[in-house]
There are 4 protein chains.
Amino acid sequence: MNSRSICNEFLHLKRTDLREAILEAAQQLLVREGYGSLTMRHIAQRAGCSVGSLYLYFERKEGLLFALLDRAQERLAERFFAPEIQSITDPRQRLQALARAYVDFGLTHPEAYEVLFMLHPRELASYPEERLEQAYRLLDPIVEAIDTYVQQHQLEMPDVRVAAVAFWSALHGIVSLLLAGRLARLRLEVDRDALIEQAIRQAMGGLCQRMRPKNNRTA
Amino acid sequence: MNSRSICNEFLHLKRTDLREAILEAAQQLLVREGYGSLTMRHIAQRAGCSVGSLYLYFERKEGLLFALLDRAQERLAERFFAPEIQSITDPRQRLQALARAYVDFGLTHPEAYEVLFMLHPRELASYPEERLEQAYRLLDPIVEAIDTYVQQHQLEMPDVRVAAVAFWSALHGIVSLLLAGRLARLRLEVDRDALIEQAIRQAMGGLCQRMRPKNNRTA
Amino acid sequence: MNSRSICNEFLHLKRTDLREAILEAAQQLLVREGYGSLTMRHIAQRAGCSVGSLYLYFERKEGLLFALLDRAQERLAERFFAPEIQSITDPRQRLQALARAYVDFGLTHPEAYEVLFMLHPRELASYPEERLEQAYRLLDPIVEAIDTYVQQHQLEMPDVRVAAVAFWSALHGIVSLLLAGRLARLRLEVDRDALIEQAIRQAMGGLCQRMRPKNNRTA
Amino acid sequence: MNSRSICNEFLHLKRTDLREAILEAAQQLLVREGYGSLTMRHIAQRAGCSVGSLYLYFERKEGLLFALLDRAQERLAERFFAPEIQSITDPRQRLQALARAYVDFGLTHPEAYEVLFMLHPRELASYPEERLEQAYRLLDPIVEAIDTYVQQHQLEMPDVRVAAVAFWSALHGIVSLLLAGRLARLRLEVDRDALIEQAIRQAMGGLCQRMRPKNNRTA
DNA sequence: GATGAATGAGCGTTCATTCAT
DNA sequence: AATGAATGAACGCTCATTCAT
């Protein structure tokens with residue numbers, strides 16, 4: 001072990017700090033200025049380091065984005081597996097809690113959400129397959145909750161995973177529209193929270209519509 | 001007579017059609033390569049003309065994007081106001097037809113949908129206000145259909161516009177996830193059409209969940 | 001003589017008019033927007049014709065500039081050889097009248113002056129030698145007036161042509177500084193006309209300073 | 001170690017000197033090829049660096065021009081405040097020395113002169129006001145010298161500042177005509193230096209012409 | 001005679017990336 | 001570990017000029 005290694009160990013905390021600072025800077029820039037303004041120059045400037053330093057921690061810009069994705073995944077996972085939610089036994093309430101957690105996560109961590117679900121896959125073409133699949137495994141809690149819910153209420157449902165994806169897509173719809181600011185111009189009479197609550201209500205309501213199929217389908 | 005003229009004759013392309021060719025090229029590029037690759041050089045190359053020619057038909061890149069938006073609006077409007085849908089009298093069936101038309105529009109005209117609903121508003125900052133509001137007025141048929149549906153079925157619903165937006169956001173969710181290719185890796189057991197059908201079913205089912213609110217909300 | 005020639009004769013006036021309109025447009029643009037903004041597009045737009053039409057009357061942009069030069073020469077010549085000036089017999093008064101005419105010409109026809117004396121020779125590199133020399137022959141009236149003046153007052157003067165050039169350069173100095181707007185910031189207490197009058201006075205005064213060389217040179 | 005490093009070592013050029021090399025290149029281009037050819041690409045090529053490197057030292061092209069102006073100002077100031085001139089006590093001789101210094105400065109530093117006094121103000125529209133006024137304050141030594149001269153010789157002169165501007169404009173006239181090469185074709189019998197000397201003589205002679213106004217003005 | 005569509009070259013500028021120090 | 005100087009390629013855009021009609 002030469003002096004450089006020693007130095008590295010000694011500086012270990014600082015090293016990690018700069019890496020984090022870079023990721024934070026990139027995240028902030030992404031959500032504030034948009035992907036088009038997410039340049040290495042700006043990241044370095046906001047992180048308070050030189051451009052070259054970025055390449056000490058990330059091989060290329062793409063790798064930096066991948067790291068952002070990893071972070072975002074972790075944060076969403078923390079939400080989904082939090083004791084507050086896991087301790088809810090009633091499947092409907094747990095599903096509702098998960099839905100709220102998802103939307104809340106998207107709105108309070110727009111940068112993470114944007115990276116996770118709104119960045120075009122093109123930009124992440126070479127994101128390792130395994131890490132990407134891991135991302136979508138975040139849906140498992142929703143699948144499980146729906147499964148339990150369906151079984152308990154004896155609902156008819158051909159494929160619970162399909163229902164879960166449809167449920168998730170409804171949540172993604174409201175989050176992405178809100179994040180993109182597309183609902184601002186609609187001049188709704190209700191505030192944002194009421195809209196969200198209604199969207200969640202409808203998403204959950206959609207899960208049990210199969211109970212009375214006869215009256216509705218051909219009415 | 002140079003090679004271009006020959007080519008043009010061969011392709012039966014009048015020069016006036018170059019404007020359309022440019023828009024087509026831009027649309028294809030946008031959906032295939034992403035906004036980041038939507039450069040004037042690429043558009044010109046794909047349209048088979050020089051960069052300068054783009055500026056004969058569009059004042060700036062922004063104007064070209066705006067024209068794309070206008071086209072997309074027209075196409076969606078054609079779908080929504082088609083006789084096949086307008087002739088449906090049953091409000092539920094008409095709503096379902098609108099939902100299917102919306103999703104189908106998004107999937108068969110991904111470039112239009114992407115421009116309309118997935119491009120970041122930042123890129124369209126100077127899109128004329130009136131034309132943008134006109135775009136969102138495309139949602140009116142959905143609002144009306146839901147309104148009729150709710151009244152006919154005597155459903156409780158605090159604000160039909162909010163419900164319509166939530167309904168729309170569910171549709172947008174499934175379309176945007178499909179377009180972004182985010183559902184490809186989930187290895188669902190059903191095909192794409194079944195997933196869409198289920199998503200629409202849940203979105204519609206969500207509209208009538210308020211009929212039995214007491215047992216579910218606080219159970 | 002075919003029908004085309006007949007047509008040409010018939011339209012002869014119109015043709016000449018367009019040529020004049022182009023030159024006028026170019027002149028106005030040159031003085032209002034500067035050489036950097038003197039583009040064929042702008043000229044055509046202001047002249048109310050198409051870009052291609054410019055090339056019917058001028059082989060290239062350079063040729064158009066040359067024509068501007070020719071016009072400017074003619075205008076200055078008209079001033080210098082006007083009866084009002086030619087009829088002045090007193091050499092000093094004629095010289096003064098010429099000086100005033102020169103400065104007035106520069107200030108009232110800035111576009112012509114700019115083309116004649118302020119455009120960088122680089123831009124006129126291929127201006128035909130003969131036409132350029134003809135331009136500088138415009139100085140002849142000044143030379144003659146000074147010559148008569150010197151002889152009449154029996155002034156000592158080694159080379160009257162050199163004196164004339166120096167005299168002219170003083171006039172050019174004040175005109176070019178005024179045209180370029182460089183004197184605007186000096187916040188002089190006098191108005192423009194007084195400054196011009198003083199400049200002319202000094203230029204003329206400089207011609208007779210050799211009369212009393214002893215007291216001045218070594219004082 | 002690539003070829004550039006070798007070249008740099010060979011030329012004993014430190015990297016910090018690149019800024020100077022860029023300014024030198026720009027100066028040469030400006031005077032040799034004209035403002036129209038003063039492009040960032042040409043500057044980079046002549047300076048032996050890439051285009052991007054220009055932007056390491058100057059925020060924009062305009063900033064590069066401003067730096068040129070600053071340099072030119074300094075050089076002229078050095079001339080005017082040189083001990084050789086400041087030590088001259090006789091006001092007439094000092095004025096003559098200043099005039100010679102001015103003309104000599106213009107002819108030996110044509111690039112500086114062109115930037116300072118011949119570039120169209122349009123190109124320098126956003127040059128900071130203070131720095132521009134500082135440029136024109138360079139004329140102060142001339143004003144002072146004339147003032148002293150006038151007082152000592154008890155000349156009549158309504159406004160010494162106006163006289164100074166007229167004096168300066170005479171100098172500017174000869175310098176700008178020489179720099180623009182407009183006098184080359186006149187085929188004068190005297191050489192350039194004699195012409196300059198005569199122009200200065202006339203400019204100075206003009207300052208004392210008010211001594212005998214009565215006989216001349218209305219004759 | 002007149003047009004307008006078209007182009008290739010070039011403009012100022014910014015980008016992700018490299019590398020000697 | 002960290003830097004900052006440097007670059008080639010690409011960006012959106014404008015130019016003078018050509019040419020079939």
# chains A, B, ... in the order shown; residues from 1 in each chain; ligands from 1
$ interface_residues --of "chain B" --to "chain F" --cutoff "12 Å" --atoms "only C-alpha atoms (C1' of nucleotides)" --output "JSON, numbers by chain"
{"B": [1, 2, 5, 15, 36, 37, 38, 39, 40, 41, 42, 51, 52, 53, 54, 55, 56, 58, 59, 60, 61, 62]}
$ write_last_selection --atoms "N, CA, C and O atoms" --output "compact mmCIF listing (two decimals), in the first residue's frame"
# COMPACT_ATOMS: atom_id res chain seq x y z
N MET B 1 -30.44 19.83 -66.54
CA MET B 1 -31.26 19.07 -65.56
C MET B 1 -30.35 18.22 -64.66
O MET B 1 -29.66 17.30 -65.12
N ASN B 2 -30.29 18.57 -63.46
CA ASN B 2 -29.36 17.87 -62.57
C ASN B 2 -30.01 16.64 -61.95
O ASN B 2 -31.16 16.31 -62.21
N SER B 5 -33.39 17.08 -60.08
CA SER B 5 -34.59 17.19 -60.89
C SER B 5 -35.05 15.82 -61.35
O SER B 5 -36.22 15.47 -61.31
N ARG B 15 -42.27 20.48 -56.31
CA ARG B 15 -41.46 21.24 -55.37
C ARG B 15 -42.28 21.76 -54.20
O ARG B 15 -41.77 21.96 -53.11
N GLY B 36 -33.60 15.14 -29.13
CA GLY B 36 -32.18 15.52 -29.14
C GLY B 36 -31.55 15.38 -30.51
O GLY B 36 -30.57 16.05 -30.82
N SER B 37 -32.09 14.51 -31.33
CA SER B 37 -31.54 14.31 -32.67
C SER B 37 -32.32 15.07 -33.73
O SER B 37 -32.08 14.89 -34.91
N LEU B 38 -33.27 15.84 -33.28
CA LEU B 38 -34.09 16.59 -34.24
C LEU B 38 -33.36 17.87 -34.60
O LEU B 38 -33.70 18.96 -34.14
N THR B 39 -32.33 17.75 -35.41
CA THR B 39 -31.57 18.93 -35.82
C THR B 39 -31.91 19.29 -37.26
O THR B 39 -32.36 18.46 -38.04
N MET B 40 -31.69 20.53 -37.58
CA MET B 40 -32.00 21.01 -38.91
C MET B 40 -31.20 20.22 -39.96
O MET B 40 -31.70 19.93 -41.05
N ARG B 41 -29.97 19.90 -39.64
CA ARG B 41 -29.18 19.11 -40.58
C ARG B 41 -29.81 17.75 -40.85
O ARG B 41 -29.94 17.32 -42.00
N HIS B 42 -30.22 17.08 -39.78
CA HIS B 42 -30.81 15.76 -39.95
C HIS B 42 -32.12 15.83 -40.72
O HIS B 42 -32.40 15.00 -41.58
N VAL B 51 -29.95 22.39 -46.04
CA VAL B 51 -30.37 23.03 -44.80
C VAL B 51 -31.08 24.35 -45.10
O VAL B 51 -32.11 24.66 -44.52
N GLY B 52 -30.51 25.09 -46.02
CA GLY B 52 -31.11 26.39 -46.34
C GLY B 52 -32.55 26.28 -46.80
O GLY B 52 -33.37 27.17 -46.53
N SER B 53 -32.87 25.20 -47.47
CA SER B 53 -34.23 25.04 -47.97
C SER B 53 -35.25 24.98 -46.84
O SER B 53 -36.40 25.40 -47.00
N LEU B 54 -34.84 24.45 -45.70
CA LEU B 54 -35.77 24.40 -44.58
C LEU B 54 -36.28 25.80 -44.26
O LEU B 54 -37.44 25.98 -43.88
N TYR B 55 -35.39 26.76 -44.42
CA TYR B 55 -35.74 28.12 -44.03
C TYR B 55 -36.58 28.83 -45.11
O TYR B 55 -36.99 29.97 -44.92
N LEU B 56 -36.78 28.15 -46.23
CA LEU B 56 -37.71 28.71 -47.21
C LEU B 56 -39.14 28.48 -46.78
O LEU B 56 -40.05 29.23 -47.15
N PHE B 58 -39.96 27.48 -43.33
CA PHE B 58 -40.17 27.75 -41.90
C PHE B 58 -39.17 28.79 -41.46
O PHE B 58 -37.98 28.65 -41.73
N GLU B 59 -39.67 29.77 -40.76
CA GLU B 59 -38.79 30.87 -40.36
C GLU B 59 -37.66 30.40 -39.46
O GLU B 59 -36.53 30.82 -39.59
N ARG B 60 -38.00 29.54 -38.54
CA ARG B 60 -36.98 29.00 -37.65
C ARG B 60 -37.35 27.58 -37.27
O ARG B 60 -38.42 27.09 -37.59
N LYS B 61 -36.45 26.94 -36.56
CA LYS B 61 -36.71 25.57 -36.14
C LYS B 61 -38.00 25.52 -35.32
O LYS B 61 -38.80 24.58 -35.44
N GLU B 62 -38.18 26.50 -34.49
CA GLU B 62 -39.36 26.54 -33.65
C GLU B 62 -40.64 26.52 -34.51
O GLU B 62 -41.60 25.80 -34.20
$ calpha_fit_rmsd --fixed "chain B" --moving "chain A"
4.5 Å
$ select_by_dssp --residues "segment 13-67 of chain A" --states "helix (DSSP H, G or I)" --output "ChimeraX atom specification"
/A:13-33,35-37,40-47,51-57,61-67
$ interface_residues --of "chain E" --to "chain D" --cutoff "10 Å" --atoms "only C-alpha atoms (C1' of nucleotides)" --output "MDAnalysis selection string"
chainID E and resid 10:15 19:20
$ write_last_selection --atoms "N, CA and C atoms (P, O5', C5', C4', C3', O3' and C1' of nucleotides)" --output "PDB file, in the first residue's frame"
ATOM      1  P    DG E  10     -16.134  28.056 -47.507  1.00  0.00           P
ATOM      2  O5'  DG E  10     -16.582  29.028 -46.328  1.00  0.00           O
ATOM      3  C5'  DG E  10     -17.234  30.250 -46.647  1.00  0.00           C
ATOM      4  C4'  DG E  10     -18.134  30.648 -45.498  1.00  0.00           C
ATOM      5  C3'  DG E  10     -17.477  30.557 -44.118  1.00  0.00           C
ATOM      6  O3'  DG E  10     -17.198  31.877 -43.670  1.00  0.00           O
ATOM      7  C1'  DG E  10     -19.744  29.817 -44.120  1.00  0.00           C
ATOM      8  P    DC E  11     -16.445  32.077 -42.315  1.00  0.00           P
ATOM      9  O5'  DC E  11     -17.623  32.486 -41.350  1.00  0.00           O
ATOM     10  C5'  DC E  11     -18.387  33.669 -41.627  1.00  0.00           C
ATOM     11  C4'  DC E  11     -19.592  33.740 -40.714  1.00  0.00           C
ATOM     12  C3'  DC E  11     -19.270  33.512 -39.243  1.00  0.00           C
ATOM     13  O3'  DC E  11     -18.857  34.737 -38.683  1.00  0.00           O
ATOM     14  C1'  DC E  11     -21.265  32.346 -39.905  1.00  0.00           C
ATOM     15  P    DG E  12     -17.867  34.787 -37.465  1.00  0.00           P
ATOM     16  O5'  DG E  12     -18.856  34.516 -36.251  1.00  0.00           O
ATOM     17  C5'  DG E  12     -19.893  35.460 -35.983  1.00  0.00           C
ATOM     18  C4'  DG E  12     -20.758  34.947 -34.847  1.00  0.00           C
ATOM     19  C3'  DG E  12     -20.008  34.720 -33.540  1.00  0.00           C
ATOM     20  O3'  DG E  12     -20.899  35.017 -32.470  1.00  0.00           O
ATOM     21  C1'  DG E  12     -20.872  32.673 -34.301  1.00  0.00           C
ATOM     22  P    DT E  13     -20.373  34.868 -30.960  1.00  0.00           P
ATOM     23  O5'  DT E  13     -20.783  33.376 -30.576  1.00  0.00           O
ATOM     24  C5'  DT E  13     -22.157  32.982 -30.661  1.00  0.00           C
ATOM     25  C4'  DT E  13     -22.292  31.506 -30.336  1.00  0.00           C
ATOM     26  C3'  DT E  13     -21.564  31.056 -29.058  1.00  0.00           C
ATOM     27  O3'  DT E  13     -22.555  30.775 -28.080  1.00  0.00           O
ATOM     28  C1'  DT E  13     -21.371  29.470 -30.830  1.00  0.00           C
ATOM     29  P    DT E  14     -22.087  30.315 -26.626  1.00  0.00           P
ATOM     30  O5'  DT E  14     -22.224  28.730 -26.739  1.00  0.00           O
ATOM     31  C5'  DT E  14     -23.446  28.184 -27.190  1.00  0.00           C
ATOM     32  C4'  DT E  14     -23.358  26.669 -27.159  1.00  0.00           C
ATOM     33  C3'  DT E  14     -22.773  26.094 -25.862  1.00  0.00           C
ATOM     34  O3'  DT E  14     -23.598  25.003 -25.473  1.00  0.00           O
ATOM     35  C1'  DT E  14     -21.578  25.259 -27.709  1.00  0.00           C
ATOM     36  P    DC E  15     -23.392  24.300 -24.101  1.00  0.00           P
ATOM     37  O5'  DC E  15     -22.839  22.889 -24.585  1.00  0.00           O
ATOM     38  C5'  DC E  15     -23.650  22.138 -25.479  1.00  0.00           C
ATOM     39  C4'  DC E  15     -22.908  20.940 -26.015  1.00  0.00           C
ATOM     40  C3'  DC E  15     -22.093  20.206 -24.971  1.00  0.00           C
ATOM     41  O3'  DC E  15     -22.922  19.202 -24.413  1.00  0.00           O
ATOM     42  C1'  DC E  15     -20.846  20.512 -27.007  1.00  0.00           C
ATOM     43  P    DC E  19      -6.390  11.166 -24.862  1.00  0.00           P
ATOM     44  O5'  DC E  19      -5.388  12.146 -24.102  1.00  0.00           O
ATOM     45  C5'  DC E  19      -5.120  13.423 -24.671  1.00  0.00           C
ATOM     46  C4'  DC E  19      -4.356  14.274 -23.681  1.00  0.00           C
ATOM     47  C3'  DC E  19      -3.479  13.490 -22.701  1.00  0.00           C
ATOM     48  O3'  DC E  19      -2.267  14.188 -22.554  1.00  0.00           O
ATOM     49  C1'  DC E  19      -4.895  14.914 -21.522  1.00  0.00           C
ATOM     50  P    DA E  20      -0.879  13.393 -22.614  1.00  0.00           P
ATOM     51  O5'  DA E  20       0.145  14.555 -22.223  1.00  0.00           O
ATOM     52  C5'  DA E  20       0.048  15.805 -22.892  1.00  0.00           C
ATOM     53  C4'  DA E  20       0.302  16.955 -21.916  1.00  0.00           C
ATOM     54  C3'  DA E  20       1.474  16.758 -20.966  1.00  0.00           C
ATOM     55  O3'  DA E  20       2.156  18.001 -20.801  1.00  0.00           O
ATOM     56  C1'  DA E  20      -0.537  17.008 -19.718  1.00  0.00           C
TER      57       DA E  20
END
$ residues_around --residues "segment 134-148 of chain B" --least-positions-apart "4" --cutoff "7 Å" --atoms "only C-alpha atoms (C1' of nucleotides)" --output "ChimeraX atom specification"
/B:73,77,91,94-95,98,130,152,160-161,164
$ write_last_selection --atoms "N, CA, C and O atoms" --output "CSV table (one decimal), in the first residue's frame"
chain,number,residue,atom,x,y,z
B,73,GLN,N,-52.6,18.3,-34.0
B,73,GLN,CA,-54.0,18.7,-33.5
B,73,GLN,C,-55.1,18.3,-34.5
B,73,GLN,O,-56.1,17.8,-34.1
B,77,ALA,N,-58.2,15.9,-33.9
B,77,ALA,CA,-59.6,16.4,-34.0
B,77,ALA,C,-60.4,15.6,-35.0
B,77,ALA,O,-61.5,15.2,-34.8
B,91,PRO,N,-74.0,7.3,-24.2
B,91,PRO,CA,-72.8,8.0,-23.7
B,91,PRO,C,-71.7,7.1,-23.3
B,91,PRO,O,-70.5,7.5,-23.5
B,94,ARG,N,-70.0,5.9,-26.4
B,94,ARG,CA,-69.3,7.0,-27.1
B,94,ARG,C,-68.0,7.3,-26.3
B,94,ARG,O,-66.9,7.5,-26.9
B,95,LEU,N,-68.1,7.3,-25.0
B,95,LEU,CA,-66.9,7.6,-24.2
B,95,LEU,C,-65.8,6.5,-24.5
B,95,LEU,O,-64.6,6.8,-24.6
B,98,LEU,N,-64.3,7.1,-27.8
B,98,LEU,CA,-63.4,8.2,-27.7
B,98,LEU,C,-62.0,7.8,-27.1
B,98,LEU,O,-60.9,8.1,-27.6
B,130,GLU,N,-53.0,31.0,-28.1
B,130,GLU,CA,-54.3,30.5,-28.7
B,130,GLU,C,-54.3,29.1,-29.2
B,130,GLU,O,-55.1,28.3,-29.0
B,152,GLN,N,-76.8,10.7,-17.1
B,152,GLN,CA,-77.7,9.6,-17.4
B,152,GLN,C,-77.7,8.5,-16.3
B,152,GLN,O,-78.8,7.9,-16.0
B,160,VAL,N,-67.2,17.4,-13.0
B,160,VAL,CA,-67.1,16.5,-14.1
B,160,VAL,C,-65.8,16.8,-14.9
B,160,VAL,O,-65.2,15.9,-15.5
B,161,ARG,N,-65.4,18.1,-14.9
B,161,ARG,CA,-64.1,18.4,-15.6
B,161,ARG,C,-62.9,17.8,-14.9
B,161,ARG,O,-62.0,17.3,-15.6
B,164,ALA,N,-62.9,14.3,-15.8
B,164,ALA,CA,-62.5,14.1,-17.2
B,164,ALA,C,-61.0,14.2,-17.3
B,164,ALA,O,-60.3,13.4,-18.1
$ residues_around --residues "Arg79 of chain D" --least-positions-apart "5" --cutoff "9 Å" --atoms "only C-alpha atoms (C1' of nucleotides)" --output "list in words"
Glu74, Ile85, Leu98, Ala101, Tyr102 and Phe105 of chain D
$ write_last_selection --atoms "N, CA and C atoms" --output "PDB file, in the first residue's frame"
ATOM      1  N   GLU D  74      -4.359  51.867 -25.193  1.00  0.00           N
ATOM      2  CA  GLU D  74      -3.127  51.920 -24.397  1.00  0.00           C
ATOM      3  C   GLU D  74      -1.948  52.369 -25.245  1.00  0.00           C
ATOM      4  N   ILE D  85       7.571  63.785 -25.468  1.00  0.00           N
ATOM      5  CA  ILE D  85       6.592  64.823 -25.777  1.00  0.00           C
ATOM      6  C   ILE D  85       6.291  65.674 -24.549  1.00  0.00           C
ATOM      7  N   LEU D  98       2.790  66.238 -30.891  1.00  0.00           N
ATOM      8  CA  LEU D  98       1.600  65.405 -30.687  1.00  0.00           C
ATOM      9  C   LEU D  98       0.993  65.011 -32.034  1.00  0.00           C
ATOM     10  N   ALA D 101       3.055  62.414 -33.566  1.00  0.00           N
ATOM     11  CA  ALA D 101       2.882  61.141 -32.852  1.00  0.00           C
ATOM     12  C   ALA D 101       1.569  60.485 -33.246  1.00  0.00           C
ATOM     13  N   TYR D 102       0.544  61.313 -33.378  1.00  0.00           N
ATOM     14  CA  TYR D 102      -0.771  60.776 -33.736  1.00  0.00           C
ATOM     15  C   TYR D 102      -0.729  60.115 -35.114  1.00  0.00           C
ATOM     16  N   PHE D 105       1.436  57.073 -35.104  1.00  0.00           N
ATOM     17  CA  PHE D 105       0.729  55.966 -34.441  1.00  0.00           C
ATOM     18  C   PHE D 105      -0.241  55.299 -35.414  1.00  0.00           C
TER      19      PHE D 105
END
$ atom_distance --atom1 "atom CA of Leu177 of chain D" --atom2 "atom CA of Leu69 of chain C"
17.0 Å
$ interface_residues --of "chain D" --to "chain C" --cutoff "8 Å" --atoms "only C-alpha atoms" --output "PyMOL selection string"
chain D and resi 33-34+36+92+120-122+133+136+161-163+166-167+169-174+176-177+180-182+185-186+188+190+195-196+198-199+201-210
$ atom_distance --atom1 "atom CA of Leu116 of chain A" --atom2 "atom CA of Pro110 of chain B"
20.7 Å
$ atom_distance --atom1 "atom CA of Glu24 of chain B" --atom2 "atom CA of Ala184 of chain B"
26.3 Å
$ residues_around --residues "Ile43 of chain C" --least-positions-apart "3" --cutoff "6 Å" --atoms "only C-alpha atoms (C1' of nucleotides)" --output "PyMOL selection string"
chain C and resi 25-26+40+46-47
$ write_last_selection --atoms "N, CA and C atoms" --output "mmCIF file, in the first residue's frame"
data_model
loop_
_atom_site.group_PDB
_atom_site.id
_atom_site.type_symbol
_atom_site.label_atom_id
_atom_site.label_comp_id
_atom_site.auth_asym_id
_atom_site.auth_seq_id
_atom_site.Cartn_x
_atom_site.Cartn_y
_atom_site.Cartn_z
ATOM 1 N N ALA C 25 -32.334 51.435 -53.239
ATOM 2 C CA ALA C 25 -32.492 50.555 -52.080
ATOM 3 C C ALA C 25 -31.138 50.238 -51.456
ATOM 4 N N ALA C 26 -30.179 49.935 -52.319
ATOM 5 C CA ALA C 26 -28.846 49.591 -51.810
ATOM 6 C C ALA C 26 -28.238 50.778 -51.073
ATOM 7 N N MET C 40 -28.045 40.940 -50.451
ATOM 8 C CA MET C 40 -28.866 40.907 -51.657
ATOM 9 C C MET C 40 -30.341 40.733 -51.293
ATOM 10 N N ARG C 46 -36.234 45.649 -50.279
ATOM 11 C CA ARG C 46 -36.511 47.085 -50.253
ATOM 12 C C ARG C 46 -36.815 47.626 -51.648
ATOM 13 N N ALA C 47 -36.207 46.991 -52.663
ATOM 14 C CA ALA C 47 -36.454 47.441 -54.029
ATOM 15 C C ALA C 47 -37.779 46.887 -54.566
#
